[in-house]
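Data first, discussion second: the structure below is written as structure tokens.
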Amino acid sequence: MLSIKNLHVSIEGKPILRGLNLEVKPGEIHAIMGPNGSGKSTLAHVLSGREGYQIDSGSAIYKNLNLLEMAPEIRAREGIFLAFQYPIEIPGVNNTSFLKKALNEIRKHRGEEELDAIDFLSLIKKQMKLVEMNEDLLRRPVNQGFSGGEKKRNEILQMAVLNPELAILDETDSGLDIDALRIVASGVNKLRTESNAYVVITHYQRLLDHIIPDFVHVLSKGQIIKSGTKELALELEERGYDWLLEKSESPS
Amino acid sequence: MTEVSTNFKDCIQDQIHSGDDTDFALSPELRSSSLAILNEGIFPTRKDEEWRYTPLKDILGRKFEFISNDKLNPDLLVEHKKVVPDAQHIVFINGEYSAEFSDDLTQQANAGLAIKLMTDLDPTDRQKAENIIQNSKLSDNSIFQHIALGLSQSGLFIDATNDTEIAKPLHLLFLSSTAGSTSFSNPVNIIHIGQNSSLKIVEQFVSAQDAQAVTIPADYIHLNKGSSLDFYKLGLESEGTDHISNTAVELSESAELNMHQYLLGSRLTRSNSEITFVEPGAQAKLCGIFLGNKSQHLDIRTYMDHAQPNCTSDQSFRGIMNDRSRGVFNGMVLVREHAQNTDAHQSNKNLLLSRDARIDTKPQLEIFADDVKCTHGATIGELDEDALFYLQSRGISKVDAALMLTHAFASEITQEIQIDSLREYVQHKIANRLRHIQTTNA
């Protein structure tokens, strides 16, 4: 589904990703862990098409498409979804009409009929139960005045409605209390199918108690320095990152 | 004085010497001081601080004439009347009152509301009306006010009695209809609202397609104790129109003004609104959108005179400038020495949608009292990149995302419009303008 090969990315001349490789197949959950500044969020942004990143070399092929050449909205319509670490507040844009517009753009792209207001409302009400979100939030402007937890739940609600093939969760657990974390994680688990995949970027092991990854990768200085299964996350929780970092910095 | 073509000035001079006293809206006594100013013929230049960002070269190069009601497609008016369907409609065509297209003034559509032509006033009404003008001393005493006062041959005296809630809005439609020569209109409207009464007025300035016009209207408004006025001004004139308006409002004790301006039209728009608190405890809320396209020039000036204590004013204006358009916001809040316990806020936020667009904003606060709560601020920015990306990341195209954000920026003001049909119309007009913006840039 997604194949990243030897990806080098820099911001204003400063290398951030330095030869990253990653293979994601349908149905898989990949966790990407790593210390601050290792390039985790850059990876999420580059995959979703954010401007400001220089692709120096390497490739990212998604469903046989050259992902890095596509506009962000085309990536979204092709099934990529980024759950933002810091969801943006958009005053004056109603949460429901925004999401309806987004869904219908994606449906149009897939050659499906657009949903009318009634069908959309029944869909969104169903998906709201998944994230235990208050209906009030639908009538408000996008994320405006939402608490940290409400914003993250709103991200998962959007994911549930837009039904992506590849979802990238960028530190979705940051700023969540344990109840919100459980709700968000159970939402993700219910949405999981054999045909969609998740890349879960996180700092901490605790999210991975709820969303069980098939693979855990450790990102450091723009490279994946170790990959393993969920046991690797537990080991990181116990020992921290230092032992891995020291190992990867081989003496010259 | 600047070097300009004298066409406009010549036309003004011609008007001074035409017509009998009875043709004019105001009495010879009131007109005489204005005529003296017109005879001097001094127009503001960019050295005048209040006109610094608004060049008058183009308008002063224009020739105009008074053109009587010509043949008009009545469907055009039907459409415009739908903007406020359940209203008393009064129509001016090329500056002249149109009995044909207006609701009958003698049939009082609203109990307690008398509407009379300025040219038909009896001495009592004339005294009442002209007192309101005489009490209004505009801080921007430019010649344009006097073009309306000295030369107007039309206008209304709108007089609401005491203790009455006037239910039906008053819809004043000012239409320019001539395509060949340039029509001139300068109606003077005087609005008097009695104690504890309330009134809603919608002033809509429109054009038949391709109309060429110079519109220089003036409104003088007096709110008595405990009264309230919702006043909406829509500027939707053609690209061949220059529009320079003055609105003066006096608020008595506990009176309440809600004034909206949606200025989307004309080649040049200059809208000056001056609010004076003449008694304590009154409130004024001013808001508006100015949206420029192509090479439109929109100049919004407000002057909030806190001359009395315990008054509240709140101003919120948003500019959206595209293409090579230019916007000016020049807002003064003056808090005089004895105006204690004043609560005054002013905000001007601007969005530049093109590199060639420009906005000059000048929020000013002068405070001479010591017990006041005042804030003001202005911002100029582009669309928020983070918000654009957020919308795009959900599958919405960049153009649509920009439209949504711009529309949202405007709707924070337009959502305050209390007349449903009007709110929908204004939002629709803004959306249309924005759609045009996107296609011209794409």
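Labels used: A, B, ... for chains in the order of the structure tokens, numbers from 1 for residues in each chain, and numbers from 1 for ligands as shown.
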Contact set, chain B to chain A: 6 Å, only C-alpha atoms, as a PDB file with N, CA, C and O atoms, in the first residue's frame:
```
ATOM      1  N   GLN B 392      -7.393  21.210   3.150  1.00  0.00           N
ATOM      2  CA  GLN B 392      -6.910  20.419   2.016  1.00  0.00           C
ATOM      3  C   GLN B 392      -6.657  18.971   2.413  1.00  0.00           C
ATOM      4  O   GLN B 392      -6.935  18.051   1.646  1.00  0.00           O
ATOM      5  N   SER B 393      -6.126  18.790   3.625  1.00  0.00           N
ATOM      6  CA  SER B 393      -5.796  17.437   4.060  1.00  0.00           C
ATOM      7  C   SER B 393      -7.042  16.587   4.253  1.00  0.00           C
ATOM      8  O   SER B 393      -6.946  15.387   4.480  1.00  0.00           O
ATOM      9  N   ARG B 394      -8.215  17.243   4.167  1.00  0.00           N
ATOM     10  CA  ARG B 394      -9.462  16.483   4.257  1.00  0.00           C
ATOM     11  C   ARG B 394     -10.105  16.308   2.896  1.00  0.00           C
ATOM     12  O   ARG B 394     -11.262  15.903   2.798  1.00  0.00           O
ATOM     13  N   GLY B 395      -9.397  16.708   1.829  1.00  0.00           N
ATOM     14  CA  GLY B 395      -9.903  16.461   0.487  1.00  0.00           C
ATOM     15  C   GLY B 395     -10.503  17.670  -0.200  1.00  0.00           C
ATOM     16  O   GLY B 395     -11.011  17.581  -1.309  1.00  0.00           O
ATOM     17  N   ILE B 396     -10.441  18.832   0.459  1.00  0.00           N
ATOM     18  CA  ILE B 396     -11.032  20.044  -0.108  1.00  0.00           C
ATOM     19  C   ILE B 396      -9.953  20.781  -0.911  1.00  0.00           C
ATOM     20  O   ILE B 396      -8.827  20.967  -0.428  1.00  0.00           O
ATOM     21  N   SER B 397     -10.274  21.187  -2.136  1.00  0.00           N
ATOM     22  CA  SER B 397      -9.253  21.820  -2.989  1.00  0.00           C
ATOM     23  C   SER B 397      -8.792  23.139  -2.372  1.00  0.00           C
ATOM     24  O   SER B 397      -9.500  23.742  -1.559  1.00  0.00           O
ATOM     25  N   ALA B 408     -15.859  32.528   5.739  1.00  0.00           N
ATOM     26  CA  ALA B 408     -15.969  32.440   7.202  1.00  0.00           C
ATOM     27  C   ALA B 408     -15.551  33.762   7.852  1.00  0.00           C
ATOM     28  O   ALA B 408     -16.173  34.232   8.799  1.00  0.00           O
TER      29      ALA B 408
END
```
- Query: Near B:Phe205, within 7 Å and counting only C-alpha atoms, which residues show up once chain neighbours fewer than 5 positions away are dropped, as a list of chain:residue names?
  - Reply: B:Leu173, B:Phe174, B:Leu175, B:Leu234, B:Gly235, B:Leu236, B:Glu237
- One decimal place gives the atom CA of B:Gln418-atom CA of B:Leu334 separation as 28.4 Å
From a DSSP calculation on the backbone, collect every residue of stretch 54-180 of chain A in alpha helix (DSSP H) and output the set as a PDB file with C-alpha atoms, in the first residue's frame.
```
ATOM      1  CA  PRO A  72      -2.688  17.355  -0.344  1.00  0.00           C
ATOM      2  CA  GLU A  73      -6.364  17.242  -1.319  1.00  0.00           C
ATOM      3  CA  ILE A  74      -5.691  14.564  -3.969  1.00  0.00           C
ATOM      4  CA  ARG A  75      -3.865  12.452  -1.385  1.00  0.00           C
ATOM      5  CA  ALA A  76      -6.869  12.801   0.903  1.00  0.00           C
ATOM      6  CA  ARG A  77      -9.246  11.809  -1.875  1.00  0.00           C
ATOM      7  CA  ASN A  95     -17.885  21.573  11.731  1.00  0.00           C
ATOM      8  CA  THR A  96     -20.695  19.675  10.035  1.00  0.00           C
ATOM      9  CA  SER A  97     -20.708  21.507   6.720  1.00  0.00           C
ATOM     10  CA  PHE A  98     -16.918  21.248   6.572  1.00  0.00           C
ATOM     11  CA  LEU A  99     -17.036  17.496   7.049  1.00  0.00           C
ATOM     12  CA  LYS A 100     -19.889  17.056   4.582  1.00  0.00           C
ATOM     13  CA  LYS A 101     -17.966  19.008   1.978  1.00  0.00           C
ATOM     14  CA  ALA A 102     -14.838  16.921   2.635  1.00  0.00           C
ATOM     15  CA  LEU A 103     -16.712  13.625   2.411  1.00  0.00           C
ATOM     16  CA  ASN A 104     -18.471  14.597  -0.788  1.00  0.00           C
ATOM     17  CA  GLU A 105     -15.194  15.678  -2.413  1.00  0.00           C
ATOM     18  CA  ILE A 106     -13.791  12.262  -1.597  1.00  0.00           C
ATOM     19  CA  ARG A 107     -16.934  10.474  -2.812  1.00  0.00           C
ATOM     20  CA  LYS A 108     -16.897  12.443  -6.066  1.00  0.00           C
ATOM     21  CA  HIS A 109     -13.284  11.440  -6.582  1.00  0.00           C
ATOM     22  CA  ALA A 117     -27.915  16.414   4.191  1.00  0.00           C
ATOM     23  CA  ILE A 118     -30.144  13.684   5.604  1.00  0.00           C
ATOM     24  CA  ASP A 119     -27.909  10.751   4.697  1.00  0.00           C
ATOM     25  CA  PHE A 120     -24.876  12.635   5.894  1.00  0.00           C
ATOM     26  CA  LEU A 121     -26.479  13.414   9.212  1.00  0.00           C
ATOM     27  CA  SER A 122     -27.378   9.803   9.864  1.00  0.00           C
ATOM     28  CA  LEU A 123     -23.813   8.756   9.003  1.00  0.00           C
ATOM     29  CA  ILE A 124     -22.232  11.336  11.253  1.00  0.00           C
ATOM     30  CA  LYS A 125     -24.549  10.537  14.154  1.00  0.00           C
ATOM     31  CA  LYS A 126     -23.623   6.897  13.922  1.00  0.00           C
ATOM     32  CA  GLN A 127     -19.904   7.665  13.858  1.00  0.00           C
ATOM     33  CA  MET A 128     -20.165  10.126  16.724  1.00  0.00           C
ATOM     34  CA  LYS A 129     -21.151   7.328  19.049  1.00  0.00           C
ATOM     35  CA  LEU A 130     -17.857   5.698  18.215  1.00  0.00           C
ATOM     36  CA  ASP A 136     -23.131  20.203  20.318  1.00  0.00           C
ATOM     37  CA  LEU A 137     -19.684  20.089  18.806  1.00  0.00           C
ATOM     38  CA  LEU A 138     -21.158  19.483  15.363  1.00  0.00           C
ATOM     39  CA  ARG A 139     -22.851  22.849  15.385  1.00  0.00           C
ATOM     40  CA  GLY A 148      -7.673  19.202  23.834  1.00  0.00           C
ATOM     41  CA  GLY A 149      -9.507  15.902  24.166  1.00  0.00           C
ATOM     42  CA  GLU A 150     -12.484  17.101  22.098  1.00  0.00           C
ATOM     43  CA  LYS A 151     -10.144  18.139  19.299  1.00  0.00           C
ATOM     44  CA  LYS A 152      -8.545  14.718  19.197  1.00  0.00           C
ATOM     45  CA  ARG A 153     -11.930  13.020  19.230  1.00  0.00           C
ATOM     46  CA  ASN A 154     -13.012  15.303  16.408  1.00  0.00           C
ATOM     47  CA  GLU A 155     -10.004  14.066  14.421  1.00  0.00           C
ATOM     48  CA  ILE A 156     -11.070  10.475  14.940  1.00  0.00           C
ATOM     49  CA  LEU A 157     -14.665  11.380  14.057  1.00  0.00           C
ATOM     50  CA  GLN A 158     -13.427  12.864  10.783  1.00  0.00           C
ATOM     51  CA  MET A 159     -11.433   9.715  10.184  1.00  0.00           C
ATOM     52  CA  ALA A 160     -14.503   7.575  10.855  1.00  0.00           C
ATOM     53  CA  VAL A 161     -16.592   9.602   8.406  1.00  0.00           C
ATOM     54  CA  LEU A 162     -13.980   9.886   5.658  1.00  0.00           C
ATOM     55  CA  ILE A 178      -6.656   8.116  30.169  1.00  0.00           C
ATOM     56  CA  ASP A 179     -10.400   8.064  29.444  1.00  0.00           C
ATOM     57  CA  ALA A 180     -10.055  10.083  26.256  1.00  0.00           C
TER      58      ALA A 180
END
```
- Message: According to DSSP computed on the backbone, where in stretch 101-209 of chain A is there strand (DSSP E or B)? Give the residues as a VMD selection string.
- Response: chain A and resid 141 to 142 166 to 170 197 to 201
Serialized selection, all heavy atoms, as a PDB file, in the first residue's frame:
```pdb
ATOM      1  N   PRO A 141     -18.032  25.974  15.174  1.00  0.00           N
ATOM      2  CA  PRO A 141     -16.986  26.062  14.160  1.00  0.00           C
ATOM      3  C   PRO A 141     -15.912  24.999  14.422  1.00  0.00           C
ATOM      4  O   PRO A 141     -15.706  24.595  15.559  1.00  0.00           O
ATOM      5  CB  PRO A 141     -16.420  27.467  14.359  1.00  0.00           C
ATOM      6  CG  PRO A 141     -17.477  28.230  15.070  1.00  0.00           C
ATOM      7  CD  PRO A 141     -18.188  27.228  15.927  1.00  0.00           C
ATOM      8  N   VAL A 142     -15.235  24.601  13.357  1.00  0.00           N
ATOM      9  CA  VAL A 142     -14.256  23.513  13.417  1.00  0.00           C
ATOM     10  C   VAL A 142     -13.246  23.741  14.548  1.00  0.00           C
ATOM     11  O   VAL A 142     -12.475  24.710  14.518  1.00  0.00           O
ATOM     12  CB  VAL A 142     -13.495  23.389  12.079  1.00  0.00           C
ATOM     13  CG1 VAL A 142     -12.466  22.259  12.159  1.00  0.00           C
ATOM     14  CG2 VAL A 142     -14.464  23.156  10.931  1.00  0.00           C
ATOM     15  N   LEU A 166      -5.368   4.712   4.399  1.00  0.00           N
ATOM     16  CA  LEU A 166      -4.140   4.828   5.189  1.00  0.00           C
ATOM     17  C   LEU A 166      -4.279   6.019   6.137  1.00  0.00           C
ATOM     18  O   LEU A 166      -4.346   7.157   5.689  1.00  0.00           O
ATOM     19  CB  LEU A 166      -2.927   5.033   4.276  1.00  0.00           C
ATOM     20  CG  LEU A 166      -1.596   5.313   4.986  1.00  0.00           C
ATOM     21  CD1 LEU A 166      -1.153   4.115   5.817  1.00  0.00           C
ATOM     22  CD2 LEU A 166      -0.508   5.690   3.996  1.00  0.00           C
ATOM     23  N   ALA A 167      -4.356   5.731   7.416  1.00  0.00           N
ATOM     24  CA  ALA A 167      -4.489   6.813   8.390  1.00  0.00           C
ATOM     25  C   ALA A 167      -3.172   6.983   9.131  1.00  0.00           C
ATOM     26  O   ALA A 167      -2.540   6.009   9.533  1.00  0.00           O
ATOM     27  CB  ALA A 167      -5.611   6.492   9.376  1.00  0.00           C
ATOM     28  N   ILE A 168      -2.752   8.231   9.258  1.00  0.00           N
ATOM     29  CA  ILE A 168      -1.526   8.542   9.985  1.00  0.00           C
ATOM     30  C   ILE A 168      -1.945   9.298  11.243  1.00  0.00           C
ATOM     31  O   ILE A 168      -2.558  10.369  11.156  1.00  0.00           O
ATOM     32  CB  ILE A 168      -0.593   9.415   9.121  1.00  0.00           C
ATOM     33  CG1 ILE A 168      -0.283   8.701   7.799  1.00  0.00           C
ATOM     34  CG2 ILE A 168       0.684   9.747   9.880  1.00  0.00           C
ATOM     35  CD1 ILE A 168       0.056   9.641   6.653  1.00  0.00           C
ATOM     36  N   LEU A 169      -1.666   8.729  12.390  1.00  0.00           N
ATOM     37  CA  LEU A 169      -2.043   9.377  13.654  1.00  0.00           C
ATOM     38  C   LEU A 169      -0.802  10.006  14.262  1.00  0.00           C
ATOM     39  O   LEU A 169       0.096   9.301  14.717  1.00  0.00           O
ATOM     40  CB  LEU A 169      -2.633   8.335  14.625  1.00  0.00           C
ATOM     41  CG  LEU A 169      -4.126   7.997  14.494  1.00  0.00           C
ATOM     42  CD1 LEU A 169      -4.499   7.581  13.091  1.00  0.00           C
ATOM     43  CD2 LEU A 169      -4.517   6.910  15.485  1.00  0.00           C
ATOM     44  N   ASP A 170      -0.758  11.336  14.208  1.00  0.00           N
ATOM     45  CA  ASP A 170       0.430  12.041  14.667  1.00  0.00           C
ATOM     46  C   ASP A 170       0.271  12.416  16.147  1.00  0.00           C
ATOM     47  O   ASP A 170      -0.407  13.383  16.470  1.00  0.00           O
ATOM     48  CB  ASP A 170       0.658  13.289  13.806  1.00  0.00           C
ATOM     49  CG  ASP A 170       1.979  13.973  14.134  1.00  0.00           C
ATOM     50  OD1 ASP A 170       2.775  13.405  14.912  1.00  0.00           O
ATOM     51  OD2 ASP A 170       2.202  15.089  13.603  1.00  0.00           O
ATOM     52  N   ALA A 197      -4.941   0.614   6.679  1.00  0.00           N
ATOM     53  CA  ALA A 197      -3.704   0.519   7.456  1.00  0.00           C
ATOM     54  C   ALA A 197      -3.518   1.775   8.294  1.00  0.00           C
ATOM     55  O   ALA A 197      -4.072   2.831   7.973  1.00  0.00           O
ATOM     56  CB  ALA A 197      -2.516   0.332   6.512  1.00  0.00           C
ATOM     57  N   TYR A 198      -2.741   1.636   9.363  1.00  0.00           N
ATOM     58  CA  TYR A 198      -2.483   2.774  10.245  1.00  0.00           C
ATOM     59  C   TYR A 198      -0.986   2.952  10.468  1.00  0.00           C
ATOM     60  O   TYR A 198      -0.268   1.967  10.640  1.00  0.00           O
ATOM     61  CB  TYR A 198      -3.133   2.546  11.624  1.00  0.00           C
ATOM     62  CG  TYR A 198      -4.635   2.608  11.585  1.00  0.00           C
ATOM     63  CD1 TYR A 198      -5.383   1.484  11.267  1.00  0.00           C
ATOM     64  CD2 TYR A 198      -5.293   3.793  11.864  1.00  0.00           C
ATOM     65  CE1 TYR A 198      -6.759   1.538  11.213  1.00  0.00           C
ATOM     66  CE2 TYR A 198      -6.674   3.857  11.831  1.00  0.00           C
ATOM     67  CZ  TYR A 198      -7.402   2.733  11.499  1.00  0.00           C
ATOM     68  OH  TYR A 198      -8.761   2.798  11.458  1.00  0.00           O
ATOM     69  N   VAL A 199      -0.574   4.198  10.457  1.00  0.00           N
ATOM     70  CA  VAL A 199       0.766   4.532  10.931  1.00  0.00           C
ATOM     71  C   VAL A 199       0.548   5.392  12.180  1.00  0.00           C
ATOM     72  O   VAL A 199      -0.004   6.486  12.100  1.00  0.00           O
ATOM     73  CB  VAL A 199       1.578   5.301   9.872  1.00  0.00           C
ATOM     74  CG1 VAL A 199       2.895   5.781  10.461  1.00  0.00           C
ATOM     75  CG2 VAL A 199       1.827   4.427   8.651  1.00  0.00           C
ATOM     76  N   VAL A 200       0.939   4.846  13.319  1.00  0.00           N
ATOM     77  CA  VAL A 200       0.659   5.503  14.595  1.00  0.00           C
ATOM     78  C   VAL A 200       1.965   6.083  15.132  1.00  0.00           C
ATOM     79  O   VAL A 200       2.877   5.331  15.486  1.00  0.00           O
ATOM     80  CB  VAL A 200       0.054   4.499  15.602  1.00  0.00           C
ATOM     81  CG1 VAL A 200      -0.223   5.194  16.928  1.00  0.00           C
ATOM     82  CG2 VAL A 200      -1.211   3.873  15.039  1.00  0.00           C
ATOM     83  N   ILE A 201       2.029   7.412  15.131  1.00  0.00           N
ATOM     84  CA  ILE A 201       3.243   8.054  15.623  1.00  0.00           C
ATOM     85  C   ILE A 201       3.033   8.399  17.093  1.00  0.00           C
ATOM     86  O   ILE A 201       2.022   9.042  17.431  1.00  0.00           O
ATOM     87  CB  ILE A 201       3.531   9.315  14.798  1.00  0.00           C
ATOM     88  CG1 ILE A 201       3.934   8.900  13.378  1.00  0.00           C
ATOM     89  CG2 ILE A 201       4.616  10.163  15.451  1.00  0.00           C
ATOM     90  CD1 ILE A 201       4.016  10.042  12.396  1.00  0.00           C
TER      91      ILE A 201
END
```
- So which residues touch A:Ile211 within 7 Å, counting only C-alpha atoms, skipping near sequence neighbours fewer than 3 positions away, as JSON, numbers by chain? {"A": [185, 189, 207, 208]}
Any chance you could export the current selection's all heavy atoms as a PDB file, in the first residue's frame?
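Dumped to result17.pdb:
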```pdb
ATOM      1  N   ALA A 185      -8.688   5.263  21.192  1.00  0.00           N
ATOM      2  CA  ALA A 185      -8.119   3.988  20.773  1.00  0.00           C
ATOM      3  C   ALA A 185      -9.211   3.007  20.379  1.00  0.00           C
ATOM      4  O   ALA A 185      -9.091   2.298  19.374  1.00  0.00           O
ATOM      5  CB  ALA A 185      -7.266   3.415  21.898  1.00  0.00           C
ATOM      6  N   ASN A 189      -9.768   1.069  16.850  1.00  0.00           N
ATOM      7  CA  ASN A 189      -9.891  -0.390  16.756  1.00  0.00           C
ATOM      8  C   ASN A 189     -11.165  -0.816  16.038  1.00  0.00           C
ATOM      9  O   ASN A 189     -11.170  -1.780  15.288  1.00  0.00           O
ATOM     10  CB  ASN A 189      -9.826  -1.012  18.151  1.00  0.00           C
ATOM     11  CG  ASN A 189      -8.414  -0.966  18.704  1.00  0.00           C
ATOM     12  OD1 ASN A 189      -7.446  -1.039  17.936  1.00  0.00           O
ATOM     13  ND2 ASN A 189      -8.280  -0.812  20.009  1.00  0.00           N
ATOM     14  N   LEU A 207      -0.277   4.365  24.466  1.00  0.00           N
ATOM     15  CA  LEU A 207      -1.290   4.271  23.405  1.00  0.00           C
ATOM     16  C   LEU A 207      -1.290   2.859  22.820  1.00  0.00           C
ATOM     17  O   LEU A 207      -2.331   2.347  22.415  1.00  0.00           O
ATOM     18  CB  LEU A 207      -1.016   5.305  22.309  1.00  0.00           C
ATOM     19  CG  LEU A 207      -1.979   5.307  21.116  1.00  0.00           C
ATOM     20  CD1 LEU A 207      -3.389   5.720  21.555  1.00  0.00           C
ATOM     21  CD2 LEU A 207      -1.493   6.229  20.014  1.00  0.00           C
ATOM     22  N   LEU A 208      -0.094   2.261  22.805  1.00  0.00           N
ATOM     23  CA  LEU A 208       0.039   0.953  22.165  1.00  0.00           C
ATOM     24  C   LEU A 208      -0.493  -0.181  23.042  1.00  0.00           C
ATOM     25  O   LEU A 208      -0.589  -1.315  22.609  1.00  0.00           O
ATOM     26  CB  LEU A 208       1.505   0.711  21.784  1.00  0.00           C
ATOM     27  CG  LEU A 208       2.102   1.821  20.895  1.00  0.00           C
ATOM     28  CD1 LEU A 208       3.553   1.522  20.559  1.00  0.00           C
ATOM     29  CD2 LEU A 208       1.298   2.021  19.621  1.00  0.00           C
TER      30      LEU A 208
END
```
- Item | Contact residues around B:Asn350 with only C-alpha atoms at 12 Å, ignoring same-chain residues under 2 positions, as JSON, numbers by chain | {"B": [288, 289, 290, 291, 292, 316, 317, 318, 319, 320, 321, 322, 326, 327, 328, 329, 347, 348, 352, 353, 357, 358, 359, 360, 361, 362, 377, 378, 379, 380, 381, 382, 383, 406, 409, 410]}
- Message: Excluding B:Glu366 and its own-chain neighbours fewer than 5 positions away, which residues fall within 12 Å of it when counting only C-alpha atoms? Please give them as a PyMOL selection string.
- Response: chain B and resi 303-307+331-337+339+344+372+374-376
- Item | Near-B:Lys294 list (7 Å; only C-alpha atoms; drop same-chain fewer than 3 positions) as a list in words | Asn322, Asp323, Arg324 and Ser325 of chain B
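In this model, the gap between atom CA of B:Lys128 and atom CA of B:Asp163 comes to 18.3 Å.
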- Task: Please identify all polymer residues within 7 Å of stretch 191-194 of chain A, counting only C-alpha atoms, omitting same-chain residues fewer than 4 positions from it, and present them as a PyMOL selection string.
- Result: chain A and resi 26-27+160+187
Dump all heavy atoms for the selected residues as a tab-separated table (two decimals), in the first residue's frame?
```
chain	number	residue	atom	x	y	z
A	26	PRO	N	-1.85	-3.43	3.53
A	26	PRO	CA	-3.23	-3.31	4.02
A	26	PRO	C	-3.45	-4.17	5.26
A	26	PRO	O	-2.91	-5.27	5.35
A	26	PRO	CB	-4.07	-3.84	2.84
A	26	PRO	CG	-3.23	-3.64	1.64
A	26	PRO	CD	-1.80	-3.80	2.10
A	27	GLY	N	-4.21	-3.61	6.20
A	27	GLY	CA	-4.53	-4.36	7.40
A	27	GLY	C	-3.51	-4.21	8.52
A	27	GLY	O	-3.75	-4.64	9.65
A	160	ALA	N	-13.42	8.56	10.95
A	160	ALA	CA	-14.50	7.57	10.85
A	160	ALA	C	-15.42	7.90	9.69
A	160	ALA	O	-15.89	7.02	8.97
A	160	ALA	CB	-15.29	7.54	12.16
A	187	GLY	N	-12.07	3.76	19.21
A	187	GLY	CA	-12.57	4.22	17.91
A	187	GLY	C	-11.72	3.66	16.78
A	187	GLY	O	-12.22	3.10	15.81
```
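Interatomic distance, atom CA of A:Leu176 against atom CA of A:His203: 12.7 Å.
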